[in-house]
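Source file final_30.cif; content: mmCIF, C-alpha atoms.
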```cif
data_coords
#
loop_
_atom_site.group_PDB
_atom_site.id
_atom_site.type_symbol
_atom_site.label_atom_id
_atom_site.label_comp_id
_atom_site.auth_asym_id
_atom_site.auth_seq_id
_atom_site.Cartn_x
_atom_site.Cartn_y
_atom_site.Cartn_z
ATOM 1 C CA MET A 899 -8.497 0.463 1.886
ATOM 2 C CA ALA A 900 -5.139 1.495 0.419
ATOM 3 C CA LEU A 901 -4.890 1.622 -3.374
ATOM 4 C CA ASP A 902 -1.780 -0.578 -3.571
ATOM 5 C CA ALA A 903 -3.307 -3.321 -1.447
ATOM 6 C CA SER A 904 -6.481 -3.297 -3.532
ATOM 7 C CA GLN A 905 -4.568 -3.815 -6.778
ATOM 8 C CA ASN A 906 -3.791 -7.426 -5.826
ATOM 9 C CA LEU A 907 -7.340 -8.450 -4.961
ATOM 10 C CA GLU A 908 -9.564 -10.576 -7.191
ATOM 11 C CA ASP A 909 -12.397 -8.871 -9.041
ATOM 12 C CA ALA A 910 -15.037 -10.607 -6.903
ATOM 13 C CA GLU A 911 -13.354 -9.510 -3.663
ATOM 14 C CA LEU A 912 -13.149 -5.937 -4.933
ATOM 15 C CA LEU A 913 -16.805 -6.048 -5.913
ATOM 16 C CA ALA A 914 -17.728 -7.239 -2.417
ATOM 17 C CA ARG A 915 -15.752 -4.327 -0.958
ATOM 18 C CA PHE A 916 -17.471 -1.964 -3.374
ATOM 19 C CA ALA A 917 -20.837 -3.198 -2.088
ATOM 20 C CA LYS A 918 -19.664 -2.432 1.457
ATOM 21 C CA GLY A 919 -18.901 1.144 0.516
ATOM 22 C CA ASP A 920 -15.213 0.987 -0.407
ATOM 23 C CA ARG A 921 -14.489 3.780 -2.896
ATOM 24 C CA THR A 922 -10.962 2.551 -3.546
ATOM 25 C CA ALA A 923 -12.371 -0.765 -4.730
ATOM 26 C CA ALA A 924 -14.588 1.158 -7.137
ATOM 27 C CA GLN A 925 -11.575 3.006 -8.487
ATOM 28 C CA VAL A 926 -9.443 -0.127 -8.953
ATOM 29 C CA LEU A 927 -12.255 -2.160 -10.514
ATOM 30 C CA THR A 928 -13.047 0.589 -13.005
ATOM 31 C CA ALA A 929 -9.407 0.963 -14.037
ATOM 32 C CA ARG A 930 -9.144 -2.797 -14.465
ATOM 33 C CA LEU A 931 -12.428 -3.583 -16.213
ATOM 34 C CA ALA A 932 -13.224 -0.499 -18.297
ATOM 35 C CA PRO A 933 -10.471 -1.130 -20.916
ATOM 36 C CA LEU A 934 -11.674 -4.715 -21.384
ATOM 37 C CA VAL A 935 -15.282 -3.687 -21.810
ATOM 38 C CA PHE A 936 -14.395 -0.823 -24.116
ATOM 39 C CA ALA A 937 -12.199 -3.029 -26.328
ATOM 40 C CA GLN A 938 -14.914 -5.645 -26.608
ATOM 41 C CA ALA A 939 -17.575 -3.059 -27.425
ATOM 42 C CA PHE A 940 -15.380 -1.316 -29.972
ATOM 43 C CA ARG A 941 -14.508 -4.582 -31.725
ATOM 44 C CA ILE A 942 -18.183 -5.331 -32.141
ATOM 45 C CA LEU A 943 -19.484 -1.831 -32.881
ATOM 46 C CA GLY A 944 -16.467 -0.235 -34.537
ATOM 47 C CA ASP A 945 -17.372 3.186 -33.173
ATOM 48 C CA ARG A 946 -15.651 4.916 -30.271
ATOM 49 C CA ALA A 947 -18.643 6.932 -29.061
ATOM 50 C CA GLU A 948 -20.949 3.933 -29.113
ATOM 51 C CA ALA A 949 -18.329 1.751 -27.458
ATOM 52 C CA GLU A 950 -17.971 4.339 -24.689
ATOM 53 C CA ASP A 951 -21.740 4.408 -24.168
ATOM 54 C CA VAL A 952 -21.810 0.631 -23.850
ATOM 55 C CA THR A 953 -18.836 0.679 -21.485
ATOM 56 C CA GLN A 954 -20.587 3.173 -19.250
ATOM 57 C CA ASP A 955 -23.822 1.216 -19.329
ATOM 58 C CA SER A 956 -22.124 -2.132 -18.630
ATOM 59 C CA LEU A 957 -20.239 -0.802 -15.631
ATOM 60 C CA LEU A 958 -23.328 0.904 -14.198
ATOM 61 C CA ARG A 959 -25.113 -2.425 -14.404
ATOM 62 C CA LEU A 960 -22.230 -4.058 -12.578
ATOM 63 C CA TRP A 961 -22.379 -1.466 -9.785
ATOM 64 C CA HIS A 962 -26.112 -2.024 -9.438
ATOM 65 C CA ALA A 963 -25.603 -5.780 -9.303
ATOM 66 C CA ALA A 964 -22.804 -5.529 -6.717
ATOM 67 C CA PRO A 965 -24.906 -5.598 -3.510
ATOM 68 C CA ASP A 966 -26.612 -8.836 -4.599
ATOM 69 C CA TRP A 967 -23.498 -10.442 -6.046
ATOM 70 C CA GLN A 968 -23.126 -14.049 -4.863
ATOM 71 C CA PRO A 969 -19.511 -15.108 -4.312
ATOM 72 C CA GLY A 970 -18.651 -17.934 -6.700
ATOM 73 C CA GLN A 971 -21.691 -17.466 -8.919
ATOM 74 C CA ALA A 972 -19.632 -16.404 -11.947
ATOM 75 C CA LYS A 973 -16.458 -14.548 -12.724
ATOM 76 C CA VAL A 974 -16.996 -10.822 -12.871
ATOM 77 C CA THR A 975 -15.379 -10.669 -16.314
ATOM 78 C CA THR A 976 -17.619 -13.468 -17.588
ATOM 79 C CA TRP A 977 -20.676 -11.569 -16.402
ATOM 80 C CA LEU A 978 -19.396 -8.373 -17.993
ATOM 81 C CA TYR A 979 -18.585 -10.031 -21.336
ATOM 82 C CA ARG A 980 -22.161 -11.302 -21.418
ATOM 83 C CA VAL A 981 -23.714 -7.953 -20.546
ATOM 84 C CA THR A 982 -21.484 -6.035 -22.957
ATOM 85 C CA SER A 983 -22.107 -8.475 -25.747
ATOM 86 C CA ASN A 984 -25.873 -8.238 -25.275
ATOM 87 C CA LEU A 985 -25.798 -4.451 -25.117
ATOM 88 C CA CYS A 986 -23.783 -4.275 -28.339
ATOM 89 C CA ILE A 987 -26.131 -6.630 -30.135
ATOM 90 C CA ASP A 988 -29.117 -4.583 -28.946
ATOM 91 C CA ARG A 989 -27.531 -1.434 -30.345
ATOM 92 C CA MET A 990 -26.794 -3.069 -33.651
ATOM 93 C CA ARG A 991 -30.368 -4.279 -33.889
ATOM 94 C CA LYS A 992 -31.778 -0.859 -33.103
ATOM 95 C CA SER A 993 -29.550 1.249 -35.273
ATOM 96 C CA LYS A 994 -29.075 -1.245 -38.095
ATOM 97 C CA ARG A 995 -25.837 0.575 -38.576
ATOM 98 C CA HIS A 996 -22.874 -1.717 -38.602
ATOM 99 C CA SER A 997 -19.250 -0.849 -38.429
ATOM 100 C CA GLY A 998 -17.375 0.046 -41.577
ATOM 101 C CA GLU A 999 -19.286 3.227 -42.240
ATOM 102 C CA GLU A 1000 -17.274 5.462 -39.969
ATOM 103 C CA VAL A 1001 -13.597 5.741 -39.389
ATOM 104 C CA PRO A 1002 -12.908 5.915 -35.662
ATOM 105 C CA ASP A 1003 -10.365 8.336 -34.271
ATOM 106 C CA MET A 1004 -6.964 6.816 -33.883
ATOM 107 C CA PRO A 1005 -3.781 8.578 -32.885
ATOM 108 C CA ASP A 1006 -1.149 8.627 -35.600
ATOM 109 C CA GLU A 1007 1.592 7.206 -33.452
ATOM 110 C CA ARG A 1008 2.502 3.951 -35.090
ATOM 111 C CA PRO A 1009 5.189 4.277 -37.715
ATOM 112 C CA ASP A 1010 3.795 1.585 -39.974
ATOM 113 C CA ILE A 1011 1.042 3.651 -41.598
ATOM 114 C CA GLU A 1012 0.514 1.221 -44.443
ATOM 115 C CA ARG A 1013 0.071 -1.672 -42.062
ATOM 116 C CA ARG A 1014 -2.270 0.376 -39.918
ATOM 117 C CA LEU A 1015 -4.431 1.300 -42.879
ATOM 118 C CA GLN A 1016 -4.586 -2.317 -43.922
ATOM 119 C CA ASP A 1017 -5.571 -3.318 -40.384
ATOM 120 C CA ARG A 1018 -8.293 -0.688 -40.449
ATOM 121 C CA ALA A 1019 -9.658 -1.908 -43.795
ATOM 122 C CA ARG A 1020 -9.595 -5.528 -42.694
ATOM 123 C CA ALA A 1021 -11.185 -4.748 -39.320
ATOM 124 C CA GLN A 1022 -13.955 -2.737 -40.924
ATOM 125 C CA ALA A 1023 -14.683 -5.406 -43.500
ATOM 126 C CA LEU A 1024 -14.745 -8.059 -40.797
ATOM 127 C CA ARG A 1025 -17.044 -6.031 -38.532
ATOM 128 C CA ALA A 1026 -19.409 -5.381 -41.422
ATOM 129 C CA ALA A 1027 -19.546 -9.081 -42.225
ATOM 130 C CA LEU A 1028 -19.972 -9.980 -38.556
ATOM 131 C CA GLY A 1029 -22.862 -7.527 -38.373
ATOM 132 C CA ASP A 1030 -24.741 -9.566 -40.952
ATOM 133 C CA LEU A 1031 -24.428 -12.813 -39.003
ATOM 134 C CA PRO A 1032 -27.243 -14.031 -36.752
ATOM 135 C CA ASP A 1033 -26.819 -12.664 -33.207
ATOM 136 C CA ARG A 1034 -25.667 -15.893 -31.559
ATOM 137 C CA GLN A 1035 -23.120 -16.641 -34.277
ATOM 138 C CA LYS A 1036 -21.806 -13.099 -34.071
ATOM 139 C CA GLN A 1037 -21.539 -13.263 -30.283
ATOM 140 C CA ALA A 1038 -19.649 -16.564 -30.372
ATOM 141 C CA MET A 1039 -17.277 -15.362 -33.092
ATOM 142 C CA VAL A 1040 -16.448 -12.124 -31.299
ATOM 143 C CA LEU A 1041 -15.834 -13.755 -27.934
ATOM 144 C CA ARG A 1042 -13.722 -16.564 -29.375
ATOM 145 C CA HIS A 1043 -11.765 -14.847 -32.124
ATOM 146 C CA LEU A 1044 -11.640 -11.187 -31.133
ATOM 147 C CA GLU A 1045 -11.560 -11.471 -27.364
ATOM 148 C CA GLY A 1046 -9.462 -14.626 -27.472
ATOM 149 C CA LEU A 1047 -11.562 -16.569 -24.977
ATOM 150 C CA SER A 1048 -11.601 -20.356 -24.840
ATOM 151 C CA ASN A 1049 -14.593 -22.372 -26.036
ATOM 152 C CA PRO A 1050 -15.611 -23.303 -22.447
ATOM 153 C CA ASP A 1051 -15.461 -19.630 -21.451
ATOM 154 C CA VAL A 1052 -17.601 -18.653 -24.429
ATOM 155 C CA ALA A 1053 -20.034 -21.428 -23.527
ATOM 156 C CA GLN A 1054 -20.275 -20.130 -19.964
ATOM 157 C CA ILE A 1055 -20.827 -16.545 -21.093
ATOM 158 C CA MET A 1056 -23.480 -17.546 -23.615
ATOM 159 C CA GLN A 1057 -24.945 -20.121 -21.221
ATOM 160 C CA ILE A 1058 -24.853 -22.900 -23.784
ATOM 161 C CA SER A 1059 -22.848 -26.108 -24.217
ATOM 162 C CA VAL A 1060 -19.340 -26.205 -25.676
ATOM 163 C CA GLU A 1061 -20.699 -28.260 -28.563
ATOM 164 C CA ALA A 1062 -23.237 -25.555 -29.311
ATOM 165 C CA VAL A 1063 -20.441 -22.979 -29.320
ATOM 166 C CA GLU A 1064 -18.439 -25.081 -31.776
ATOM 167 C CA SER A 1065 -21.455 -25.404 -34.000
ATOM 168 C CA LEU A 1066 -22.139 -21.661 -33.946
ATOM 169 C CA MET A 1067 -18.526 -20.891 -34.800
ATOM 170 C CA SER A 1068 -18.362 -23.406 -37.583
ATOM 171 C CA ARG A 1069 -21.405 -21.855 -39.250
ATOM 172 C CA GLY A 1070 -20.168 -18.362 -38.514
ATOM 173 C CA LYS A 1071 -16.785 -18.955 -40.066
ATOM 174 C CA ARG A 1072 -18.323 -20.491 -43.149
ATOM 175 C CA SER A 1073 -20.606 -17.472 -43.578
ATOM 176 C CA LEU A 1074 -17.754 -15.026 -43.094
ATOM 177 C CA ALA A 1075 -15.520 -16.913 -45.519
ATOM 178 C CA HIS A 1076 -18.115 -16.603 -48.253
ATOM 179 C CA ALA A 1077 -19.234 -13.067 -47.423
ATOM 180 C CA LEU A 1078 -15.701 -11.692 -47.519
ATOM 181 C CA ALA A 1079 -14.512 -13.654 -50.545
ATOM 182 C CA PRO A 1080 -15.181 -10.832 -53.045
ATOM 183 C CA GLN A 1081 -12.971 -8.469 -51.010
ATOM 184 C CA LYS A 1082 -10.100 -10.882 -50.741
ATOM 185 C CA LYS A 1083 -7.788 -9.004 -53.069
ATOM 186 C CA ALA A 1084 -8.721 -5.560 -51.749
ATOM 187 C CA LEU A 1085 -7.936 -6.699 -48.228
ATOM 188 C CA GLY A 1086 -4.471 -7.835 -49.226
ATOM 189 C CA LEU A 1087 -5.182 -11.527 -48.809
ATOM 190 C CA LYS A 1088 -3.670 -14.048 -51.187
ATOM 191 C CA ASP A 1089 -6.062 -14.676 -54.055
ATOM 192 C CA ASP A 1090 -6.128 -18.322 -55.128
ATOM 193 C CA GLY A 1091 -9.126 -17.924 -57.408
ATOM 194 C CA MET B 128 -20.074 -27.649 -68.117
ATOM 195 C CA ASP B 129 -20.187 -24.050 -66.838
ATOM 196 C CA LYS B 130 -17.189 -22.849 -64.916
ATOM 197 C CA ASP B 131 -17.889 -21.377 -61.463
ATOM 198 C CA PHE B 132 -16.541 -17.803 -61.451
ATOM 199 C CA SER B 133 -17.612 -17.018 -57.899
ATOM 200 C CA PRO B 134 -14.615 -16.119 -55.719
ATOM 201 C CA ALA B 135 -13.174 -18.815 -53.538
ATOM 202 C CA PRO B 136 -14.141 -18.475 -49.905
ATOM 203 C CA LEU B 137 -11.517 -17.373 -47.414
ATOM 204 C CA ASP B 138 -9.592 -20.099 -45.678
ATOM 205 C CA ASP B 139 -8.743 -20.240 -41.963
ATOM 206 C CA GLN B 140 -5.470 -18.415 -42.500
ATOM 207 C CA ASP B 141 -7.262 -15.500 -44.211
ATOM 208 C CA LEU B 142 -9.879 -15.327 -41.473
ATOM 209 C CA ASN B 143 -7.222 -15.374 -38.785
ATOM 210 C CA ALA B 144 -5.448 -12.487 -40.532
ATOM 211 C CA LEU B 145 -8.706 -10.496 -40.378
ATOM 212 C CA PHE B 146 -9.298 -11.320 -36.722
ATOM 213 C CA GLU B 147 -5.755 -10.288 -35.829
ATOM 214 C CA ALA B 148 -6.156 -7.035 -37.745
ATOM 215 C CA ALA B 149 -9.384 -6.294 -35.864
ATOM 216 C CA GLN B 150 -7.655 -6.990 -32.536
ATOM 217 C CA ARG B 151 -4.878 -4.546 -33.414
ATOM 218 C CA ASP B 152 -7.345 -1.954 -34.698
ATOM 219 C CA THR B 153 -8.712 -1.205 -31.249
ATOM 220 C CA PRO B 154 -8.119 2.284 -29.810
ATOM 221 C CA GLU B 155 -6.955 2.882 -26.274
ATOM 222 C CA LEU B 156 -9.441 4.017 -23.669
ATOM 223 C CA ASP B 157 -9.500 7.814 -23.382
ATOM 224 C CA PRO B 158 -8.005 8.781 -19.963
ATOM 225 C CA GLU B 159 -10.633 11.511 -19.483
ATOM 226 C CA PHE B 160 -13.373 8.999 -20.166
ATOM 227 C CA LEU B 161 -11.797 6.653 -17.614
ATOM 228 C CA MET B 162 -11.827 9.444 -15.023
ATOM 229 C CA ARG B 163 -15.521 10.041 -15.687
ATOM 230 C CA LEU B 164 -16.195 6.333 -15.247
ATOM 231 C CA GLN B 165 -14.314 6.341 -11.953
ATOM 232 C CA ALA B 166 -16.339 9.304 -10.728
ATOM 233 C CA GLN B 167 -19.541 7.481 -11.663
ATOM 234 C CA ALA B 168 -18.312 4.363 -9.865
ATOM 235 C CA ALA B 169 -17.542 6.382 -6.737
ATOM 236 C CA ALA B 170 -21.013 7.924 -6.883
ATOM 237 C CA ALA B 171 -22.548 4.451 -7.251
ATOM 238 C CA VAL B 172 -20.927 3.125 -4.058
ATOM 239 C CA PRO B 173 -23.858 2.144 -1.817
ATOM 240 C CA GLN B 174 -24.469 5.051 0.586
ATOM 241 C CA SER B 175 -25.748 3.101 3.578
ATOM 242 C CA ALA B 176 -22.821 0.731 3.465
ATOM 243 C CA ARG B 177 -20.149 3.421 3.464
ATOM 244 C CA PRO B 178 -17.857 3.103 6.477
ATOM 245 C CA LYS B 179 -18.783 5.592 9.206
ATOM 246 C CA PRO B 180 -16.180 8.302 9.835
ATOM 247 C CA PRO B 181 -14.305 7.872 13.118
ATOM 248 C CA ARG B 182 -15.868 9.764 16.031
ATOM 249 C CA LEU B 183 -14.057 12.774 17.371
ATOM 250 C CA ARG B 184 -11.574 12.031 20.157
ATOM 251 C CA LEU B 185 -13.080 14.811 22.296
ATOM 252 C CA PHE B 186 -16.496 13.254 21.985
ATOM 253 C CA GLN B 187 -15.079 9.857 22.942
ATOM 254 C CA THR B 188 -13.395 11.360 26.025
ATOM 255 C CA LEU B 189 -16.599 13.104 27.042
ATOM 256 C CA SER B 190 -18.527 9.880 26.577
ATOM 257 C CA GLY B 191 -16.057 8.081 28.854
ATOM 258 C CA VAL B 192 -16.351 10.700 31.598
ATOM 259 C CA VAL B 193 -20.120 10.681 31.442
ATOM 260 C CA ALA B 194 -20.158 6.883 31.577
ATOM 261 C CA GLN B 195 -18.072 6.911 34.760
ATOM 262 C CA PHE B 196 -20.637 9.136 36.454
ATOM 263 C CA GLY B 197 -23.578 6.957 35.647
ATOM 264 C CA GLY B 198 -24.037 7.475 31.933
ATOM 265 C CA TRP B 199 -26.385 9.796 30.149
ATOM 266 C CA PRO B 200 -29.228 9.645 32.758
ATOM 267 C CA ALA B 201 -26.834 11.060 35.357
ATOM 268 C CA GLY B 202 -25.605 13.592 32.793
ATOM 269 C CA ALA B 203 -29.182 14.706 32.162
ATOM 270 C CA GLY B 204 -29.729 15.172 35.915
ATOM 271 C CA LEU B 205 -26.557 17.225 36.139
ATOM 272 C CA ALA B 206 -27.674 19.396 33.244
ATOM 273 C CA MET B 207 -31.065 19.901 34.883
ATOM 274 C CA ALA B 208 -29.381 20.938 38.141
ATOM 275 C CA GLY B 209 -27.163 23.371 36.237
ATOM 276 C CA ALA B 210 -30.140 24.885 34.470
ATOM 277 C CA ALA B 211 -31.979 25.257 37.801
ATOM 278 C CA GLY B 212 -28.911 27.046 39.192
ATOM 279 C CA VAL B 213 -28.951 29.538 36.350
ATOM 280 C CA VAL B 214 -32.675 30.223 36.853
ATOM 281 C CA ILE B 215 -32.215 30.731 40.607
ATOM 282 C CA GLY B 216 -29.272 33.039 39.920
ATOM 283 C CA ILE B 217 -31.239 35.241 37.549
ATOM 284 C CA SER B 218 -34.524 35.284 39.384
ATOM 285 C CA PRO B 219 -34.008 34.029 42.950
ATOM 286 C CA PRO B 220 -37.004 33.078 45.124
ATOM 287 C CA ASP B 221 -37.609 35.124 48.351
ATOM 288 C CA ALA B 222 -36.224 32.414 50.640
ATOM 289 C CA VAL B 223 -32.936 32.397 48.769
ATOM 290 C CA LEU B 224 -32.838 36.208 48.800
ATOM 291 C CA ASP B 225 -33.188 36.272 52.648
ATOM 292 C CA ILE B 226 -30.258 33.952 53.141
ATOM 293 C CA THR B 227 -27.973 35.647 50.641
ATOM 294 C CA SER B 228 -28.773 39.169 51.812
ATOM 295 C CA ALA B 229 -28.148 38.115 55.464
ATOM 296 C CA TYR B 230 -24.843 36.647 54.392
ATOM 297 C CA PHE B 231 -23.590 39.632 52.437
ATOM 298 C CA GLN B 232 -24.784 42.200 54.991
ATOM 299 C CA THR B 233 -22.402 40.825 57.699
ATOM 300 C CA GLU B 234 -19.272 42.957 57.888
ATOM 301 C CA SER B 235 -16.695 40.317 58.588
ATOM 302 C CA LEU B 236 -16.066 36.630 58.715
ATOM 303 C CA SER B 237 -15.671 36.800 62.512
ATOM 304 C CA GLU B 238 -19.082 38.394 62.859
ATOM 305 C CA LEU B 239 -20.675 35.646 60.834
ATOM 306 C CA THR B 240 -18.869 32.777 62.537
ATOM 307 C CA GLY B 241 -18.663 34.226 66.042
ATOM 308 C CA ILE B 242 -14.885 33.715 66.289
ATOM 309 C CA GLY B 243 -12.886 36.770 67.397
ATOM 310 C CA PHE B 244 -10.708 38.302 64.724
ATOM 311 C CA GLU B 245 -7.863 39.017 67.151
ATOM 312 C CA ALA B 246 -7.666 35.325 68.056
ATOM 313 C CA GLU B 247 -6.001 34.712 64.690
ATOM 314 C CA PHE B 248 -3.074 36.908 65.626
ATOM 315 C CA ASN B 249 -2.393 35.561 69.111
ATOM 316 C CA TRP B 250 0.894 34.109 67.956
ATOM 317 C CA GLU B 251 2.350 37.639 67.782
ATOM 318 C CA ASP B 252 2.024 38.043 71.574
ATOM 319 C CA THR B 253 3.817 34.837 72.481
#
```
When written as structure tokens, how does the structure in this file appear?
Amino acid sequence: MALDASQNLEDAELLARFAKGDRTAAQVLTARLAPLVFAQAFRILGDRAEAEDVTQDSLLRLWHAAPDWQPGQAKVTTWLYRVTSNLCIDRMRKSKRHSGEEVPDMPDERPDIERRLQDRARAQALRAALGDLPDRQKQAMVLRHLEGLSNPDVAQIMQISVEAVESLMSRGKRSLAHALAPQKKALGLKDDG
Amino acid sequence: MDKDFSPAPLDDQDLNALFEAAQRDTPELDPEFLMRLQAQAAAAVPQSARPKPPRLRLFQTLSGVVAQFGGWPAGAGLAMAGAAGVVIGISPPDAVLDITSAYFQTESLSELTGIGFEAEFNWEDT
């Protein structure tokens, strides 16, 4: 199928075409989904190489699942968020190495260097604190506050109720607020204490 | 009463500032890495489900001709007859040799058919 025509198709339709042997669908789906998966993995792991590994692994799992994909079972992105999230948590468990220890490569293109450095410091501190949260809390926090998903979407991805998501996030935020309190000044946040 | 010197926890505004910073602090996907992923995706396309390449037009035409003459069984018979012809041509049986040698030993068409050669030119005399 032509590349232009494929660009307008839904993810599920493209996946069905992939399963029928359509290479163009494979190309379009990869271009569409890989940046999402990579961003999610990087925000959790804070390491480009590891995020790339997870991206590769997540997409391979999607390709393997394609022939048995049931139309309407779940959104492709929902399925991928779940898989990526689980893969990241597995890696964090195995390596016990959380973000904040390495500075990922970033092109020096943005003019606001000071702002960029502050973003980096804040992101690293946040990832380190997230890494110390229990897995479910961490997963809920990342999906809701870093990926910007709604509570019902997070609930669907985590296969729990919306109330359970709210509870996880409430506890997660409280833990983060206390864990990061000593770094408040260093992170450029207003210090009321 | 002892004063609590532990730092005050972050409020929602502080946490949101950290989340926004982490969202901005996300690198772009490397284009070379994306190309590798696309190659892997292409390789993962199920083999058996790949669309078959269109058949050659010549083959389609040949199939149509053969079908008009009774399909492949008739084609097989024709091929067998052709092969038999080649064998007979290379190593003819005695009976075939007698007929062909009798034919080629005649000196003219009139001798073979019994019709006088001059009869063909009668129009010149009229």
Could you state which residues are captured by the PyMOL selection byres ((chain B) within 12 of (chain A)) in this file, as a PyMOL selection string? chain B and resi 131-179
Can you give me, as a ChimeraX atom specification, the residues this file yields under the PyMOL selection byres ((chain A and resi 1028-1035) around 10)? /A:942-943,983-984,987-988,990-991,994-998,1022-1027,1036-1040,1056,1063-1071,1073-1074,1077
Separation of atom CA of Val1060 of chain A and atom CA of Arg1042 of chain A, in Å? 11.8 Å
Listed atoms of segment 927-937 of chain A boxed axis-aligned with 6 Å per side, centre + edges as JSON:
```
{"center_x": -12.2, "center_y": -1.9, "center_z": -18.4, "size_x": 18.1, "size_y": 17.7, "size_z": 27.8}
```
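Using all atoms listed in the file, the set of residues no farther than 10 Å from the position (-16.5, -9.2, -15.7) comprises Asp909, Ala910, Leu927, Arg930, Leu931, Ala932, Leu934, Val935, Ser956, Leu957, Leu960, Ala972, Lys973, Val974, Thr975, Thr976, Trp977, Leu978, Tyr979, Arg980, Val981 and Thr982 of chain A.
For the pair atom CA of Pro219 of chain B and atom CA of Gly204 of chain B, the interatomic distance is 20.6 Å.
Coordinates place atom CA of Lys1083 of chain A at a distance of 15.7 Å from atom CA of Glu1012 of chain A.
Nearest residue to Asp966 of chain A, choosing from A:Ile1011, A:Ser904, A:Ala914, A:Glu948 and counting all atoms listed in the file: A:Ala914.
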